[in-house]
Amino acid sequence: QTSMPTAQFSGAVVSYNASSRKVTAKDFIQDNLLAVSLIVGISIFVVMCIILDSLKKSKRAEEKSKKSAEQALKLNQELEEKQQELLLRERSANSAWKKLARNKSAMLGLVMVAFVVFVSIFGPFFMTKDPAAMDFVNMYVKPGTPGFPLGSDGIGRDVLTRLVYGGRVSLLVAVGGMAVGAVIGILIGLVSGYAGGKVDAVLMRIMDGMSAFPFVLLALMLMTVLGAGMKNVILAIGIASVPGYARMTRGQVLVVKNEEYIKAVKALGASSSR
């Protein structure tokens, strides 16, 4: 009777010791090696899929950004080309000749001036009469008379011949006077605008004094001082037109003088002559 409970107790102790044995991770992996391998493989596969998907997305985004950049660059180039074309068209449309061509009055004046210049330069080669020849028989002949297309004056000189030869004198005086006035006025304007200060004040006050007189009156006063002769007429007209050229040149010099590139050159130490 006493042996049976002892055997049962020892069996319970053995079973308790077996159930209370600790199971380590190594034992678990060894017991479930196939399942663990399957889980690890699936995890690696999922991670690789995620990495590949992210790489594909980044590649697509990069390609999309490249395409958008190329499209933007292409659009910018097209816009620049269109702007250049518009600028060229605007420049060609606003050229001096096209502006003149659009103005009918200016074109009419140009044609008249060109005709007068042509007749004054080449007309004397086709005229057979002497502009100073007197014909007392044909005095005050009416225009349209044979030999006298525009009639004759009080001492029988042909009016047409005198007009053609007189055109040369008028052109010479006009061009010579303009050239003299432009040369003197431009020099005064350049010096006045560049030097500034007292030089500018003195030169401009002189120009103001000359501008106070009407052009014709000033030219007549200069003719009185210089005397008669074509050279004196040219010189008088040129001097009388100096103030206009001087003021215009001085204004342009002041505009250019205040440009940014002029200030940059001065800051770099450029000399006045440069």
# chains A, B, ... in the order shown; residues from 1 in each chain; ligands from 1
$ closest_atom_pairs --of "segment 141-242 of chain A" --to "segment 112-122 of chain A" --cutoff "12 Å" --atoms "only C-alpha atoms" --output "tab-separated table"
residue	atom	partner	partner_atom	distance
A:Leu160	CA	A:Val119	CA	11.1
A:Thr161	CA	A:Ser120	CA	10.4
A:Arg162	CA	A:Ser120	CA	10.6
A:Leu163	CA	A:Ser120	CA	8.4
A:Val164	CA	A:Ser120	CA	5.4
A:Tyr165	CA	A:Ser120	CA	6.6
A:Gly166	CA	A:Ser120	CA	7.7
A:Gly167	CA	A:Ser120	CA	4.9
A:Arg168	CA	A:Ser120	CA	5.2
A:Val169	CA	A:Ser120	CA	8.7
A:Ser170	CA	A:Ser120	CA	9.0
A:Leu171	CA	A:Val117	CA	7.6
A:Leu172	CA	A:Ser120	CA	10.2
A:Ala174	CA	A:Val117	CA	11.7
A:Val175	CA	A:Val117	CA	11.5
$ write_last_selection --atoms "N, CA, C and O atoms" --output "mmCIF file, in the first residue's frame"
data_model
loop_
_atom_site.group_PDB
_atom_site.id
_atom_site.type_symbol
_atom_site.label_atom_id
_atom_site.label_comp_id
_atom_site.auth_asym_id
_atom_site.auth_seq_id
_atom_site.Cartn_x
_atom_site.Cartn_y
_atom_site.Cartn_z
ATOM 1 N N LEU A 160 14.076 130.384 -116.285
ATOM 2 C CA LEU A 160 14.330 128.966 -116.020
ATOM 3 C C LEU A 160 15.826 128.699 -115.854
ATOM 4 O O LEU A 160 16.243 127.985 -114.932
ATOM 5 N N THR A 161 16.614 129.262 -116.743
ATOM 6 C CA THR A 161 18.060 129.064 -116.646
ATOM 7 C C THR A 161 18.606 129.629 -115.343
ATOM 8 O O THR A 161 19.449 129.016 -114.680
ATOM 9 N N ARG A 162 18.132 130.793 -114.964
ATOM 10 C CA ARG A 162 18.602 131.402 -113.723
ATOM 11 C C ARG A 162 18.163 130.600 -112.494
ATOM 12 O O ARG A 162 18.890 130.511 -111.506
ATOM 13 N N LEU A 163 16.952 129.996 -112.558
ATOM 14 C CA LEU A 163 16.502 129.154 -111.453
ATOM 15 C C LEU A 163 17.377 127.906 -111.302
ATOM 16 O O LEU A 163 17.750 127.524 -110.182
ATOM 17 N N VAL A 164 17.716 127.291 -112.432
ATOM 18 C CA VAL A 164 18.528 126.079 -112.384
ATOM 19 C C VAL A 164 19.918 126.381 -111.840
ATOM 20 O O VAL A 164 20.429 125.681 -110.951
ATOM 21 N N TYR A 165 20.534 127.440 -112.345
ATOM 22 C CA TYR A 165 21.866 127.798 -111.850
ATOM 23 C C TYR A 165 21.813 128.334 -110.412
ATOM 24 O O TYR A 165 22.731 128.113 -109.627
ATOM 25 N N GLY A 166 20.743 129.036 -110.091
ATOM 26 C CA GLY A 166 20.607 129.546 -108.719
ATOM 27 C C GLY A 166 20.384 128.447 -107.698
ATOM 28 O O GLY A 166 20.715 128.609 -106.515
ATOM 29 N N GLY A 167 19.829 127.294 -108.135
ATOM 30 C CA GLY A 167 19.648 126.168 -107.226
ATOM 31 C C GLY A 167 20.964 125.644 -106.678
ATOM 32 O O GLY A 167 21.050 125.230 -105.518
ATOM 33 N N ARG A 168 21.997 125.687 -107.499
ATOM 34 C CA ARG A 168 23.314 125.263 -107.024
ATOM 35 C C ARG A 168 23.804 126.152 -105.890
ATOM 36 O O ARG A 168 24.324 125.667 -104.871
ATOM 37 N N VAL A 169 23.627 127.457 -106.062
ATOM 38 C CA VAL A 169 24.064 128.391 -105.030
ATOM 39 C C VAL A 169 23.272 128.168 -103.737
ATOM 40 O O VAL A 169 23.837 128.155 -102.633
ATOM 41 N N SER A 170 21.971 127.974 -103.879
ATOM 42 C CA SER A 170 21.136 127.759 -102.690
ATOM 43 C C SER A 170 21.541 126.480 -101.953
ATOM 44 O O SER A 170 21.643 126.464 -100.709
ATOM 45 N N LEU A 171 21.771 125.397 -102.709
ATOM 46 C CA LEU A 171 22.193 124.152 -102.075
ATOM 47 C C LEU A 171 23.550 124.294 -101.400
ATOM 48 O O LEU A 171 23.757 123.796 -100.281
ATOM 49 N N LEU A 172 24.467 124.983 -102.058
ATOM 50 C CA LEU A 172 25.794 125.168 -101.481
ATOM 51 C C LEU A 172 25.729 125.961 -100.181
ATOM 52 O O LEU A 172 26.359 125.595 -99.184
ATOM 53 N N ALA A 174 23.059 126.277 -98.197
ATOM 54 C CA ALA A 174 22.328 125.514 -97.177
ATOM 55 C C ALA A 174 23.190 124.401 -96.587
ATOM 56 O O ALA A 174 23.302 124.263 -95.357
ATOM 57 N N VAL A 175 23.834 123.625 -97.438
ATOM 58 C CA VAL A 175 24.654 122.515 -96.950
ATOM 59 C C VAL A 175 25.884 123.027 -96.213
ATOM 60 O O VAL A 175 26.258 122.515 -95.147
#
$ select_by_dssp --residues "segment 3-249 of chain A" --states "alpha helix (DSSP H)" --output "ChimeraX atom specification"
/A:3-19,25-31,33-93,96-102,104-122,159-195,197-211,215-226,230-240,242-249
$ select_by_dssp --residues "segment 25-198 of chain A" --states "strand (DSSP E or B)" --output "number ranges by chain"
A: 145, 148, 152, 158
$ write_last_selection --atoms "all heavy atoms" --output "PDB file, in the first residue's frame"
ATOM      1  N   THR A 145       6.455 131.093-123.837  1.00  0.00           N
ATOM      2  CA  THR A 145       6.960 131.587-125.112  1.00  0.00           C
ATOM      3  C   THR A 145       8.091 130.685-125.586  1.00  0.00           C
ATOM      4  O   THR A 145       8.919 130.256-124.775  1.00  0.00           O
ATOM      5  CB  THR A 145       7.476 133.036-124.961  1.00  0.00           C
ATOM      6  OG1 THR A 145       6.415 133.851-124.450  1.00  0.00           O
ATOM      7  CG2 THR A 145       7.939 133.590-126.289  1.00  0.00           C
ATOM      8  N   PHE A 148      11.599 130.496-123.992  1.00  0.00           N
ATOM      9  CA  PHE A 148      11.482 131.031-122.630  1.00  0.00           C
ATOM     10  C   PHE A 148      10.338 130.302-121.905  1.00  0.00           C
ATOM     11  O   PHE A 148       9.230 130.834-121.788  1.00  0.00           O
ATOM     12  CB  PHE A 148      11.218 132.540-122.646  1.00  0.00           C
ATOM     13  CG  PHE A 148      12.323 133.344-123.268  1.00  0.00           C
ATOM     14  CD1 PHE A 148      12.295 133.654-124.624  1.00  0.00           C
ATOM     15  CD2 PHE A 148      13.391 133.777-122.499  1.00  0.00           C
ATOM     16  CE1 PHE A 148      13.311 134.393-125.194  1.00  0.00           C
ATOM     17  CE2 PHE A 148      14.406 134.525-123.065  1.00  0.00           C
ATOM     18  CZ  PHE A 148      14.376 134.823-124.414  1.00  0.00           C
ATOM     19  N   SER A 152      10.913 135.720-119.116  1.00  0.00           N
ATOM     20  CA  SER A 152      12.188 136.424-118.926  1.00  0.00           C
ATOM     21  C   SER A 152      11.967 137.595-117.981  1.00  0.00           C
ATOM     22  O   SER A 152      10.840 137.996-117.697  1.00  0.00           O
ATOM     23  CB  SER A 152      12.734 136.927-120.269  1.00  0.00           C
ATOM     24  OG  SER A 152      11.836 137.871-120.852  1.00  0.00           O
ATOM     25  N   ASP A 158      16.741 134.595-119.175  1.00  0.00           N
ATOM     26  CA  ASP A 158      15.819 133.459-119.070  1.00  0.00           C
ATOM     27  C   ASP A 158      15.639 133.085-117.594  1.00  0.00           C
ATOM     28  O   ASP A 158      16.607 132.789-116.875  1.00  0.00           O
ATOM     29  CB  ASP A 158      16.365 132.281-119.865  1.00  0.00           C
ATOM     30  CG  ASP A 158      15.389 131.112-119.891  1.00  0.00           C
ATOM     31  OD1 ASP A 158      14.182 131.354-119.718  1.00  0.00           O
ATOM     32  OD2 ASP A 158      15.838 129.960-120.057  1.00  0.00           O
TER      33      ASP A 158
END
$ residues_around --residues "segment 238-253 of chain A" --least-positions-apart "6" --cutoff "7 Å" --atoms "only C-alpha atoms" --output "number ranges by chain"
A: 177-178, 180-182, 184-186, 188-190, 192-194, 207, 210-211, 215, 218-219
$ atom_distance --atom1 "atom CA of Leu203 of chain A" --atom2 "atom CA of Met221 of chain A"
20.7 Å
$ residues_around --residues "Leu220 of chain A" --least-positions-apart "4" --cutoff "8 Å" --atoms "only C-alpha atoms" --output "PyMOL selection string"
chain A and resi 216+224+236
$ atom_distance --atom1 "atom CA of Gly156 of chain A" --atom2 "atom CA of Val137 of chain A"
7.0 Å
$ atom_distance --atom1 "atom CA of Ile237 of chain A" --atom2 "atom CA of Pro214 of chain A"
11.9 Å
